[in-house]
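Chemist: Okay, so here is start.txt, and as you'll see once you scroll down, it has compact mmCIF, C-alpha atoms and all ligand atoms.
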# COMPACT_ATOMS: atom_id res chain seq x y z
CA MET A 1 0.00 0.00 0.00
CA GLY A 2 1.39 3.35 -1.00
CA LEU A 3 0.50 6.93 -0.12
CA GLN A 4 -1.22 7.28 -3.50
CA ASP A 5 -3.89 4.82 -2.30
CA PHE A 6 -5.14 7.47 0.13
CA PHE A 7 -5.95 9.93 -2.65
CA PRO A 8 -8.51 9.81 -5.48
CA LYS A 9 -7.40 8.19 -8.72
CA GLU A 10 -7.85 11.47 -10.61
CA LEU A 11 -5.08 13.04 -8.52
CA ALA A 12 -1.50 11.89 -8.99
CA ILE A 13 1.16 12.55 -6.36
CA THR A 14 4.04 14.40 -8.06
CA ALA A 15 6.19 15.35 -5.06
CA ILE A 16 6.45 14.85 -1.30
CA GLU A 17 8.48 17.08 0.99
CA GLU A 18 8.93 16.54 4.70
CA SER A 19 9.93 19.14 7.27
CA GLU A 20 10.14 19.08 11.05
CA ASN A 21 6.42 19.76 11.56
CA SER A 22 4.74 19.03 8.25
CA VAL A 23 4.51 16.85 5.17
CA SER A 24 3.83 18.74 1.93
CA ILE A 25 2.29 16.72 -0.89
CA ARG A 26 1.90 18.02 -4.43
CA LEU A 27 -0.88 16.48 -6.51
CA LYS A 28 -1.83 16.97 -10.14
CA SER A 29 -5.19 16.43 -11.73
CA ARG A 30 -5.35 13.69 -14.36
CA SER A 31 -8.85 14.58 -15.51
CA GLU A 32 -9.68 15.13 -19.16
CA HIS A 33 -13.19 16.37 -18.65
CA CYS A 34 -15.58 17.58 -15.97
CA VAL A 35 -19.33 18.06 -15.63
CA CYS A 36 -20.86 21.55 -15.49
CA PRO A 37 -22.81 21.76 -12.20
CA ARG A 38 -25.37 24.14 -13.78
CA CYS A 39 -26.33 22.51 -17.08
CA GLY A 40 -24.92 19.01 -16.48
CA LYS A 41 -22.98 19.03 -19.76
CA GLU A 42 -19.68 17.16 -19.93
CA LEU A 43 -16.89 19.63 -20.61
CA SER A 44 -13.56 18.84 -22.28
CA ARG A 45 -12.24 22.26 -23.20
CA ARG A 46 -9.61 23.25 -20.65
CA ARG A 47 -9.37 26.93 -20.00
CA ALA A 48 -6.66 27.29 -17.37
CA THR A 49 -4.74 25.50 -14.68
CA TYR A 50 -4.07 26.66 -11.13
CA ASN A 51 -2.94 25.49 -7.72
CA ARG A 52 -5.25 24.94 -4.76
CA LYS A 53 -3.97 24.74 -1.21
CA ALA A 54 -5.71 22.45 1.24
CA GLN A 55 -5.02 20.80 4.56
CA ASP A 56 -5.50 17.07 5.00
CA LEU A 57 -5.63 14.86 8.10
CA PRO A 58 -2.36 14.91 10.06
CA MET A 59 0.07 12.03 9.55
CA ILE A 60 2.68 10.62 11.97
CA GLY A 61 2.16 13.67 14.18
CA LYS A 62 2.81 16.13 11.36
CA ALA A 63 0.47 18.50 9.51
CA VAL A 64 -0.30 17.40 5.96
CA LEU A 65 -0.42 20.26 3.47
CA LEU A 66 -1.61 19.67 -0.06
CA THR A 67 -0.96 21.67 -3.21
CA VAL A 68 -3.37 20.45 -5.84
CA ASN A 69 -2.87 21.45 -9.46
CA VAL A 70 -6.34 21.47 -11.02
CA TYR A 71 -7.93 22.47 -14.32
CA GLU A 72 -10.56 25.00 -15.10
CA TYR A 73 -12.89 24.06 -17.96
CA GLN A 74 -15.06 26.26 -20.13
CA CYS A 75 -18.78 25.62 -20.47
CA GLU A 76 -19.96 26.90 -23.85
CA GLU A 77 -23.59 26.35 -22.88
CA CYS A 78 -23.46 28.56 -19.77
CA ASN A 79 -20.61 30.68 -21.14
CA ARG A 80 -18.68 30.55 -17.91
CA PRO A 81 -15.61 28.83 -16.44
CA VAL A 82 -16.08 25.69 -14.35
CA ALA A 83 -13.49 24.70 -11.74
CA GLU A 84 -13.19 20.95 -11.42
CA SER A 85 -14.07 19.47 -8.05
CA PHE A 86 -13.26 16.13 -6.49
CA ASP A 87 -16.42 14.73 -4.94
CA GLY A 88 -15.85 13.14 -1.58
CA PHE A 89 -12.33 14.51 -1.38
CA LEU A 90 -12.16 18.26 -1.90
CA LYS A 91 -15.13 20.59 -2.28
CA PRO A 92 -14.88 23.71 -4.46
CA GLY A 93 -13.48 26.63 -2.47
CA SER A 94 -12.67 24.56 0.63
CA ARG A 95 -9.24 24.75 2.26
CA LEU A 96 -9.76 21.40 4.03
CA THR A 97 -10.17 17.95 2.54
CA GLU A 98 -13.58 16.44 3.26
CA ARG A 99 -12.12 13.78 5.55
CA CYS A 100 -10.35 16.52 7.53
CA GLU A 101 -13.63 18.49 7.75
CA ASP A 102 -15.46 15.35 8.94
CA PHE A 103 -12.86 14.77 11.65
CA ILE A 104 -13.01 18.39 12.88
CA ALA A 105 -16.83 18.34 12.96
CA ARG A 106 -16.90 15.02 14.87
CA LEU A 107 -14.28 16.24 17.34
CA ALA A 108 -16.19 19.49 17.95
CA LEU A 109 -19.48 17.67 18.48
CA GLU A 110 -17.86 15.27 20.95
CA SER A 111 -16.12 18.06 22.89
CA SER A 112 -16.60 21.75 22.06
CA CYS A 113 -15.50 24.10 19.31
CA GLU A 114 -12.81 25.72 21.46
CA GLY A 115 -11.71 22.35 22.87
CA ALA A 116 -11.50 20.87 19.38
CA SER A 117 -9.46 23.85 18.20
CA ARG A 118 -6.92 23.28 21.00
CA ILE A 119 -6.61 19.54 20.21
CA LEU A 120 -6.27 20.30 16.48
CA LYS A 121 -3.46 22.77 17.21
CA GLU A 122 -1.55 19.95 18.90
CA LEU A 123 -2.06 17.85 15.75
CA GLY A 124 -0.76 20.63 13.53
CA VAL A 125 -4.14 21.78 12.20
CA ALA A 126 -4.60 25.52 12.77
CA TYR A 127 -8.37 26.04 12.94
CA SER A 128 -9.98 28.48 15.34
CA GLY A 129 -13.09 27.84 17.43
CA ASP A 130 -15.00 30.46 15.42
CA SER A 131 -14.00 28.75 12.15
CA ILE A 132 -15.29 25.45 13.57
CA ILE A 133 -18.65 27.08 14.41
CA ARG A 134 -18.88 28.37 10.82
CA LEU A 135 -17.96 24.91 9.51
CA LEU A 136 -20.68 23.24 11.61
CA LEU A 137 -23.30 25.80 10.51
CA LYS A 138 -22.32 25.34 6.84
CA ARG A 139 -22.66 21.58 7.16
CA LEU A 140 -26.02 21.93 8.92
CA LYS A 141 -27.38 24.20 6.19
CA SER A 142 -26.14 21.97 3.35
CA ARG A 143 -27.65 18.85 4.97
CA PRO A 144 -30.69 17.66 3.04
CA THR A 145 -33.91 18.38 4.91
CA ALA A 146 -35.15 15.30 6.73
CA GLU A 147 -38.32 13.88 5.29
CA VAL A 148 -41.18 14.57 7.61
CA GLY A 149 -44.54 12.84 7.97
CA SER A 150 -47.94 14.49 8.12
CA ILE A 151 -48.12 14.54 11.95
CA ILE A 152 -45.70 16.86 13.68
CA GLY A 153 -45.15 18.39 17.11
CA VAL A 154 -43.98 21.98 17.66
CA ASP A 155 -42.51 23.39 20.86
CA ASP A 156 -40.12 26.07 21.99
CA PHE A 157 -36.78 25.58 23.75
CA ALA A 158 -34.17 27.88 25.25
CA TYR A 159 -30.71 28.29 23.77
CA LYS A 160 -30.12 30.56 26.78
CA LYS A 161 -32.96 31.01 29.27
CA ARG A 162 -34.65 34.43 29.19
CA ARG A 163 -32.33 35.46 26.33
CA SER A 164 -32.69 33.41 23.18
CA TYR A 165 -35.20 30.76 22.19
CA GLY A 166 -35.75 28.42 19.28
CA THR A 167 -38.50 26.19 17.94
CA VAL A 168 -38.15 22.45 17.54
CA ILE A 169 -40.23 20.38 15.12
CA VAL A 170 -40.61 16.68 15.84
CA ASP A 171 -41.99 14.02 13.54
CA GLU A 172 -44.63 12.43 15.77
CA THR A 173 -44.49 9.13 13.87
CA THR A 174 -40.74 8.55 14.16
CA ARG A 175 -40.49 10.67 17.37
CA LYS A 176 -37.35 12.29 15.96
CA PRO A 177 -36.60 16.01 15.69
CA VAL A 178 -36.60 17.12 12.07
CA ALA A 179 -35.90 20.85 12.31
CA LEU A 180 -34.54 23.46 14.70
CA LEU A 181 -35.76 26.96 13.89
CA ASP A 182 -34.67 30.35 15.18
CA GLY A 183 -36.99 32.23 17.54
CA ARG A 184 -40.37 31.28 18.95
CA ASP A 185 -42.53 34.12 17.63
CA GLY A 186 -43.93 31.94 14.84
CA THR A 187 -42.04 33.65 11.97
CA SER A 188 -39.64 30.77 11.33
CA LEU A 189 -42.44 28.23 11.87
CA ARG A 190 -44.57 30.02 9.26
CA GLU A 191 -41.69 29.82 6.77
CA TRP A 192 -41.14 26.12 7.54
CA LEU A 193 -44.86 25.29 7.14
CA ARG A 194 -44.89 27.09 3.77
CA HIS A 195 -42.44 24.45 2.50
CA ASN A 196 -44.25 21.54 4.19
CA GLN A 197 -47.82 21.91 3.04
CA HIS A 198 -48.45 18.14 3.39
CA VAL A 199 -48.63 18.40 7.20
CA LYS A 200 -52.11 17.50 8.48
CA VAL A 201 -51.89 17.36 12.28
CA ILE A 202 -49.82 19.58 14.56
CA THR A 203 -49.48 19.16 18.31
CA ARG A 204 -48.36 22.35 19.99
CA ASP A 205 -48.18 24.20 23.27
CA ARG A 206 -50.58 26.96 24.22
CA ALA A 207 -48.52 29.74 22.64
CA SER A 208 -50.81 31.86 20.53
CA GLU A 209 -47.98 32.72 18.07
CA TYR A 210 -47.74 29.09 16.96
CA ALA A 211 -51.53 28.78 16.68
CA LYS A 212 -51.66 31.93 14.54
CA ALA A 213 -48.82 30.78 12.25
CA ILE A 214 -50.48 27.38 11.72
CA GLN A 215 -53.89 28.92 11.14
CA GLU A 216 -52.47 31.26 8.51
CA GLU A 217 -50.25 28.78 6.65
CA LEU A 218 -52.19 25.54 7.06
CA PRO A 219 -55.81 26.48 7.88
CA ASP A 220 -57.00 22.89 7.28
CA ALA A 221 -54.48 21.29 9.63
CA ILE A 222 -55.79 19.97 12.95
CA GLN A 223 -54.19 21.65 15.94
CA VAL A 224 -53.85 19.50 19.05
CA ALA A 225 -52.79 20.68 22.50
CA ASP A 226 -50.09 18.23 23.55
CA ARG A 227 -50.44 16.01 26.61
CA PHE A 228 -47.91 17.93 28.71
CA HIS A 229 -49.75 21.20 28.22
CA LEU A 230 -53.14 19.56 28.79
CA TYR A 231 -51.93 18.23 32.16
CA GLU A 232 -50.59 21.68 32.95
CA ASN A 233 -53.97 23.22 32.12
CA LEU A 234 -55.73 20.62 34.29
CA LEU A 235 -53.40 21.19 37.26
CA GLN A 236 -53.90 24.94 37.06
CA ALA A 237 -57.67 24.49 36.94
CA ILE A 238 -57.63 22.15 39.99
CA LYS A 239 -55.42 24.57 41.92
CA LYS A 240 -57.72 27.47 41.12
CA ALA A 241 -60.83 25.51 42.16
CA LEU A 242 -59.24 24.35 45.42
CA ASN A 243 -58.07 27.87 46.26
CA SER A 244 -61.57 29.21 45.88
CA GLU A 245 -63.25 26.38 47.83
CA ILE A 246 -60.93 25.81 50.78
CA PRO A 247 -60.38 28.58 53.37
CA GLY A 248 -56.87 29.95 53.74
CA ALA A 249 -56.37 28.38 57.22
CA VAL A 250 -57.88 25.17 58.61
CA ALA A 251 -57.51 24.32 62.29
CA ALA A 252 -56.77 20.69 62.96
CA GLU A 253 -58.39 18.96 65.99
CA GLY A 254 -56.57 19.80 69.24
CA ALA A 255 -54.39 22.36 67.44
CA LYS A 256 -55.67 25.21 69.61
CA GLU A 257 -54.70 23.46 72.89
CA ARG A 258 -51.30 22.50 71.46
CA GLU A 259 -50.71 26.11 70.43
CA GLU A 260 -51.50 27.31 73.99
CA ASP A 261 -49.11 24.70 75.48
CA LEU A 262 -46.31 25.82 73.15
CA LYS A 263 -46.85 29.48 74.04
CA GLU A 264 -46.69 28.61 77.75
CA GLU A 265 -43.47 26.61 77.27
CA VAL A 266 -41.79 29.48 75.41
CA LYS A 267 -42.86 31.94 78.12
CA LYS A 268 -41.34 29.73 80.84
CA LYS A 269 -38.03 29.38 78.99
CA ARG A 270 -37.77 33.15 78.53
CA SER A 271 -38.44 33.87 82.18
CA ARG A 272 -35.79 31.28 83.22
CA ARG A 273 -33.23 33.03 80.97
CA LYS A 274 -34.04 36.42 82.55
CA THR A 275 -33.66 35.18 86.19
CA PRO A 276 -30.26 36.43 87.57
CA GLN A 277 -27.80 33.65 88.35
CA HIS A 278 -26.43 33.75 91.94
CA THR A 279 -23.03 32.43 92.65
CA SER A 280 -21.89 31.70 96.17
ZN ZN B 301 -22.96 24.65 -18.20
Output the file's structure as structure tokens, nothing else.
Ligand SMILES: [Zn+2]

Modeler:
Amino acid sequence: MGLQDFFPKELAITAIEESENSVSIRLKSRSEHCVCPRCGKELSRRRATYNRKAQDLPMIGKAVLLTVNVYEYQCEECNRPVAESFDGFLKPGSRLTERCEDFIARLALESSCEGASRILKELGVAYSGDSIIRLLLKRLKSRPTAEVGSIIGVDDFAYKKRRSYGTVIVDETTRKPVALLDGRDGTSLREWLRHNQHVKVITRDRASEYAKAIQEELPDAIQVADRFHLYENLLQAIKKALNSEIPGAVAAEGAKEREEDLKEEVKKKRSRRKTPQHTS
């Protein structure tokens, strides 16, 4: 097994240089055509060649830096240049290989963005905590939307209590969350419902913003108060009824006599404390 086996067939290793802290690998594209991402046409007319820099997973404790010589093709149909990409290895415009991105994202999710950044620094990968947050957000946005059934649940949650809130949507059939939306004022929910017109039943809390958003976007959908909020309603109703029926104070049998005894006991103790102590 050689080092070439760890790279796509379309990229040939042309040089390897090793220094104290890093391994630099030069790769050259062997492609003779590429597909235009806009019109899907296969392109064979090369327009230019250029070098891309990218960081790969570290190796034997050293940073791995790639210089990839790639081609730019010309699409006659769209009349624009098309940079070749290497699916599964290096995305257009990325300065990390996909396997390196995957590793960073996994590390950050298992620890924290700042923690991951510190570990990566030890491995020779310079990537700040803020860059990791941006990477995670980019991956989240590019993830295909999970398919969702026609029965969903909507509720709010706190990113930071009393400061920022979000809305979670759960598929009630699979019992899995399918979307996390910003805010809980119904704006993001309204937008989400606009793209999910197949939803028929929605369980929700008692927030009027959600009810309004659902009514406006999906007027035919059935709105159901979820069990948790029904119990909460019931408990509040019971409490209210009890408060109005039962007097504020109820004397238990014999409580009056016991109260008198206690008062007497306290009085005796106080008077004992006040009596001057004579010493002979
Ligand atoms: Zn095209």

Chemist: Counting all atoms listed in the file, write as a PyMOL selection string all protein and nucleic acid residues lying at most 10 Å from (-11.6, 19.4, -21.5) in the file's frame.

Modeler: chain A and resi 31-35+42-47+71-75

Chemist: Could you check how far atom CA of Lys28 of chain A sits from atom CA of Ile13 of chain A, in Å to one decimal?

Modeler: 6.5 Å

Chemist: Which chains and residue numbers are within 9 Å of ligand ZN 301 (chain B), counting all atoms listed in the file, if I want them as a list of chain:residue names?

Modeler: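 Result of the 9 Å neighbour search around ligand ZN 301 (chain B): A:Val35, A:Cys36, A:Pro37, A:Arg38, A:Cys39, A:Gly40, A:Lys41, A:Glu42, A:Leu43, A:Gln74, A:Cys75, A:Glu76, A:Glu77, A:Cys78, A:Asn79, A:Arg80, A:Pro81, A:Val82.
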
Chemist: Give me, please, the distance in Å between atom CA of Lys176 of chain A and atom CA of Leu136 of chain A, quoted to one decimal.

Modeler: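 That distance, rounded to one decimal, is 20.4 Å.
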
Chemist: When distances are computed from only C-alpha atoms, which of A:Cys113, A:Ala241, A:Ala211, A:Ala15 shows the smallest separation from Arg134 of chain A?

Modeler: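 The shortest atom-to-atom distance to Arg134 of chain A comes from A:Cys113.
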
Chemist: In Å, rounded to a single decimal, give me how far atom CA of Arg30 of chain A is from atom CA of Ser85 of chain A.

Modeler: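 Computing the Euclidean distance for atom CA of Ser85 of chain A and atom CA of Arg30 of chain A yields 12.2 Å.
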
Chemist: To box segment 74-92 of chain A, take all atoms listed in the file, fit an axis-aligned box, add 4 Å on each side, and give centre and edge lengths in Å to one decimal, as JSON.

Modeler:
{"center_x": -17.9, "center_y": 21.9, "center_z": -12.6, "size_x": 19.4, "size_y": 25.5, "size_z": 30.5}

Chemist: Give me segment 69-105 of chain A with N, CA and C atoms filled in, as a PDB file, keeping the file's coordinate frame.

Modeler:
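And here is the file that came out, part_13.pdb:
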ATOM      1  N   ASN A  69      -2.823  20.763  -8.168  1.00  0.00           N
ATOM      2  CA  ASN A  69      -2.870  21.450  -9.460  1.00  0.00           C
ATOM      3  C   ASN A  69      -4.105  20.960 -10.222  1.00  0.00           C
ATOM      4  N   VAL A  70      -5.064  21.862 -10.396  1.00  0.00           N
ATOM      5  CA  VAL A  70      -6.340  21.470 -11.020  1.00  0.00           C
ATOM      6  C   VAL A  70      -6.601  22.272 -12.303  1.00  0.00           C
ATOM      7  N   TYR A  71      -7.580  21.787 -13.061  1.00  0.00           N
ATOM      8  CA  TYR A  71      -7.930  22.470 -14.320  1.00  0.00           C
ATOM      9  C   TYR A  71      -9.224  23.251 -14.153  1.00  0.00           C
ATOM     10  N   GLU A  72      -9.314  24.258 -14.997  1.00  0.00           N
ATOM     11  CA  GLU A  72     -10.560  25.000 -15.100  1.00  0.00           C
ATOM     12  C   GLU A  72     -11.068  24.761 -16.517  1.00  0.00           C
ATOM     13  N   TYR A  73     -12.311  24.353 -16.642  1.00  0.00           N
ATOM     14  CA  TYR A  73     -12.890  24.060 -17.960  1.00  0.00           C
ATOM     15  C   TYR A  73     -13.811  25.201 -18.377  1.00  0.00           C
ATOM     16  N   GLN A  74     -14.159  25.215 -19.632  1.00  0.00           N
ATOM     17  CA  GLN A  74     -15.060  26.260 -20.130  1.00  0.00           C
ATOM     18  C   GLN A  74     -16.378  25.616 -20.560  1.00  0.00           C
ATOM     19  N   CYS A  75     -17.481  26.122 -20.028  1.00  0.00           N
ATOM     20  CA  CYS A  75     -18.780  25.620 -20.470  1.00  0.00           C
ATOM     21  C   CYS A  75     -19.335  26.584 -21.530  1.00  0.00           C
ATOM     22  N   GLU A  76     -19.464  26.064 -22.749  1.00  0.00           N
ATOM     23  CA  GLU A  76     -19.960  26.900 -23.850  1.00  0.00           C
ATOM     24  C   GLU A  76     -21.452  27.198 -23.652  1.00  0.00           C
ATOM     25  N   GLU A  77     -22.150  26.213 -23.089  1.00  0.00           N
ATOM     26  CA  GLU A  77     -23.590  26.350 -22.880  1.00  0.00           C
ATOM     27  C   GLU A  77     -23.930  27.504 -21.918  1.00  0.00           C
ATOM     28  N   CYS A  78     -23.212  27.525 -20.784  1.00  0.00           N
ATOM     29  CA  CYS A  78     -23.460  28.560 -19.770  1.00  0.00           C
ATOM     30  C   CYS A  78     -22.560  29.769 -19.968  1.00  0.00           C
ATOM     31  N   ASN A  79     -21.585  29.620 -20.870  1.00  0.00           N
ATOM     32  CA  ASN A  79     -20.610  30.680 -21.140  1.00  0.00           C
ATOM     33  C   ASN A  79     -19.925  31.165 -19.866  1.00  0.00           C
ATOM     34  N   ARG A  80     -19.426  30.188 -19.120  1.00  0.00           N
ATOM     35  CA  ARG A  80     -18.680  30.550 -17.910  1.00  0.00           C
ATOM     36  C   ARG A  80     -17.680  29.454 -17.554  1.00  0.00           C
ATOM     37  N   PRO A  81     -16.611  29.839 -16.822  1.00  0.00           N
ATOM     38  CA  PRO A  81     -15.610  28.830 -16.440  1.00  0.00           C
ATOM     39  C   PRO A  81     -16.125  27.907 -15.338  1.00  0.00           C
ATOM     40  N   VAL A  82     -15.664  26.670 -15.371  1.00  0.00           N
ATOM     41  CA  VAL A  82     -16.080  25.690 -14.350  1.00  0.00           C
ATOM     42  C   VAL A  82     -14.821  25.086 -13.726  1.00  0.00           C
ATOM     43  N   ALA A  83     -14.652  25.280 -12.428  1.00  0.00           N
ATOM     44  CA  ALA A  83     -13.490  24.700 -11.740  1.00  0.00           C
ATOM     45  C   ALA A  83     -13.812  23.246 -11.431  1.00  0.00           C
ATOM     46  N   GLU A  84     -12.883  22.365 -11.696  1.00  0.00           N
ATOM     47  CA  GLU A  84     -13.190  20.950 -11.420  1.00  0.00           C
ATOM     48  C   GLU A  84     -13.179  20.703  -9.911  1.00  0.00           C
ATOM     49  N   SER A  85     -14.038  19.805  -9.474  1.00  0.00           N
ATOM     50  CA  SER A  85     -14.070  19.470  -8.050  1.00  0.00           C
ATOM     51  C   SER A  85     -13.879  17.963  -7.913  1.00  0.00           C
ATOM     52  N   PHE A  86     -13.540  17.550  -6.725  1.00  0.00           N
ATOM     53  CA  PHE A  86     -13.260  16.130  -6.490  1.00  0.00           C
ATOM     54  C   PHE A  86     -14.213  15.642  -5.412  1.00  0.00           C
ATOM     55  N   ASP A  87     -15.358  15.130  -5.868  1.00  0.00           N
ATOM     56  CA  ASP A  87     -16.420  14.730  -4.940  1.00  0.00           C
ATOM     57  C   ASP A  87     -15.924  13.746  -3.900  1.00  0.00           C
ATOM     58  N   GLY A  88     -16.247  14.042  -2.669  1.00  0.00           N
ATOM     59  CA  GLY A  88     -15.850  13.140  -1.580  1.00  0.00           C
ATOM     60  C   GLY A  88     -14.444  13.393  -1.101  1.00  0.00           C
ATOM     61  N   PHE A  89     -13.699  14.251  -1.801  1.00  0.00           N
ATOM     62  CA  PHE A  89     -12.330  14.510  -1.380  1.00  0.00           C
ATOM     63  C   PHE A  89     -12.080  15.992  -1.099  1.00  0.00           C
ATOM     64  N   LEU A  90     -12.417  16.838  -2.065  1.00  0.00           N
ATOM     65  CA  LEU A  90     -12.160  18.260  -1.900  1.00  0.00           C
ATOM     66  C   LEU A  90     -13.277  19.057  -2.572  1.00  0.00           C
ATOM     67  N   LYS A  91     -14.014  19.807  -1.735  1.00  0.00           N
ATOM     68  CA  LYS A  91     -15.130  20.590  -2.280  1.00  0.00           C
ATOM     69  C   LYS A  91     -14.600  21.879  -2.912  1.00  0.00           C
ATOM     70  N   PRO A  92     -15.326  22.446  -3.872  1.00  0.00           N
ATOM     71  CA  PRO A  92     -14.880  23.710  -4.460  1.00  0.00           C
ATOM     72  C   PRO A  92     -14.765  24.796  -3.388  1.00  0.00           C
ATOM     73  N   GLY A  93     -13.660  25.507  -3.394  1.00  0.00           N
ATOM     74  CA  GLY A  93     -13.480  26.630  -2.470  1.00  0.00           C
ATOM     75  C   GLY A  93     -13.055  26.255  -1.064  1.00  0.00           C
ATOM     76  N   SER A  94     -13.010  24.960  -0.735  1.00  0.00           N
ATOM     77  CA  SER A  94     -12.670  24.560   0.630  1.00  0.00           C
ATOM     78  C   SER A  94     -11.157  24.483   0.814  1.00  0.00           C
ATOM     79  N   ARG A  95     -10.678  24.875   2.008  1.00  0.00           N
ATOM     80  CA  ARG A  95      -9.240  24.750   2.260  1.00  0.00           C
ATOM     81  C   ARG A  95      -8.944  23.541   3.161  1.00  0.00           C
ATOM     82  N   LEU A  96      -9.954  22.664   3.295  1.00  0.00           N
ATOM     83  CA  LEU A  96      -9.760  21.400   4.030  1.00  0.00           C
ATOM     84  C   LEU A  96     -10.266  20.256   3.168  1.00  0.00           C
ATOM     85  N   THR A  97      -9.613  19.110   3.239  1.00  0.00           N
ATOM     86  CA  THR A  97     -10.170  17.950   2.540  1.00  0.00           C
ATOM     87  C   THR A  97     -11.442  17.539   3.282  1.00  0.00           C
ATOM     88  N   GLU A  98     -12.301  16.810   2.614  1.00  0.00           N
ATOM     89  CA  GLU A  98     -13.580  16.440   3.260  1.00  0.00           C
ATOM     90  C   GLU A  98     -13.363  15.554   4.470  1.00  0.00           C
ATOM     91  N   ARG A  99     -12.360  14.656   4.393  1.00  0.00           N
ATOM     92  CA  ARG A  99     -12.120  13.780   5.550  1.00  0.00           C
ATOM     93  C   ARG A  99     -11.614  14.586   6.734  1.00  0.00           C
ATOM     94  N   CYS A 100     -10.850  15.663   6.452  1.00  0.00           N
ATOM     95  CA  CYS A 100     -10.350  16.520   7.530  1.00  0.00           C
ATOM     96  C   CYS A 100     -11.524  17.297   8.139  1.00  0.00           C
ATOM     97  N   GLU A 101     -12.417  17.792   7.278  1.00  0.00           N
ATOM     98  CA  GLU A 101     -13.630  18.490   7.750  1.00  0.00           C
ATOM     99  C   GLU A 101     -14.469  17.573   8.638  1.00  0.00           C
ATOM    100  N   ASP A 102     -14.652  16.324   8.173  1.00  0.00           N
ATOM    101  CA  ASP A 102     -15.460  15.350   8.940  1.00  0.00           C
ATOM    102  C   ASP A 102     -14.870  15.140  10.331  1.00  0.00           C
ATOM    103  N   PHE A 103     -13.536  15.017  10.372  1.00  0.00           N
ATOM    104  CA  PHE A 103     -12.860  14.770  11.650  1.00  0.00           C
ATOM    105  C   PHE A 103     -13.048  15.953  12.590  1.00  0.00           C
ATOM    106  N   ILE A 104     -12.873  17.185  12.054  1.00  0.00           N
ATOM    107  CA  ILE A 104     -13.010  18.390  12.880  1.00  0.00           C
ATOM    108  C   ILE A 104     -14.447  18.491  13.430  1.00  0.00           C
ATOM    109  N   ALA A 105     -15.428  18.239  12.541  1.00  0.00           N
ATOM    110  CA  ALA A 105     -16.830  18.340  12.960  1.00  0.00           C
ATOM    111  C   ALA A 105     -17.127  17.307  14.051  1.00  0.00           C
TER     112      ALA A 105
END
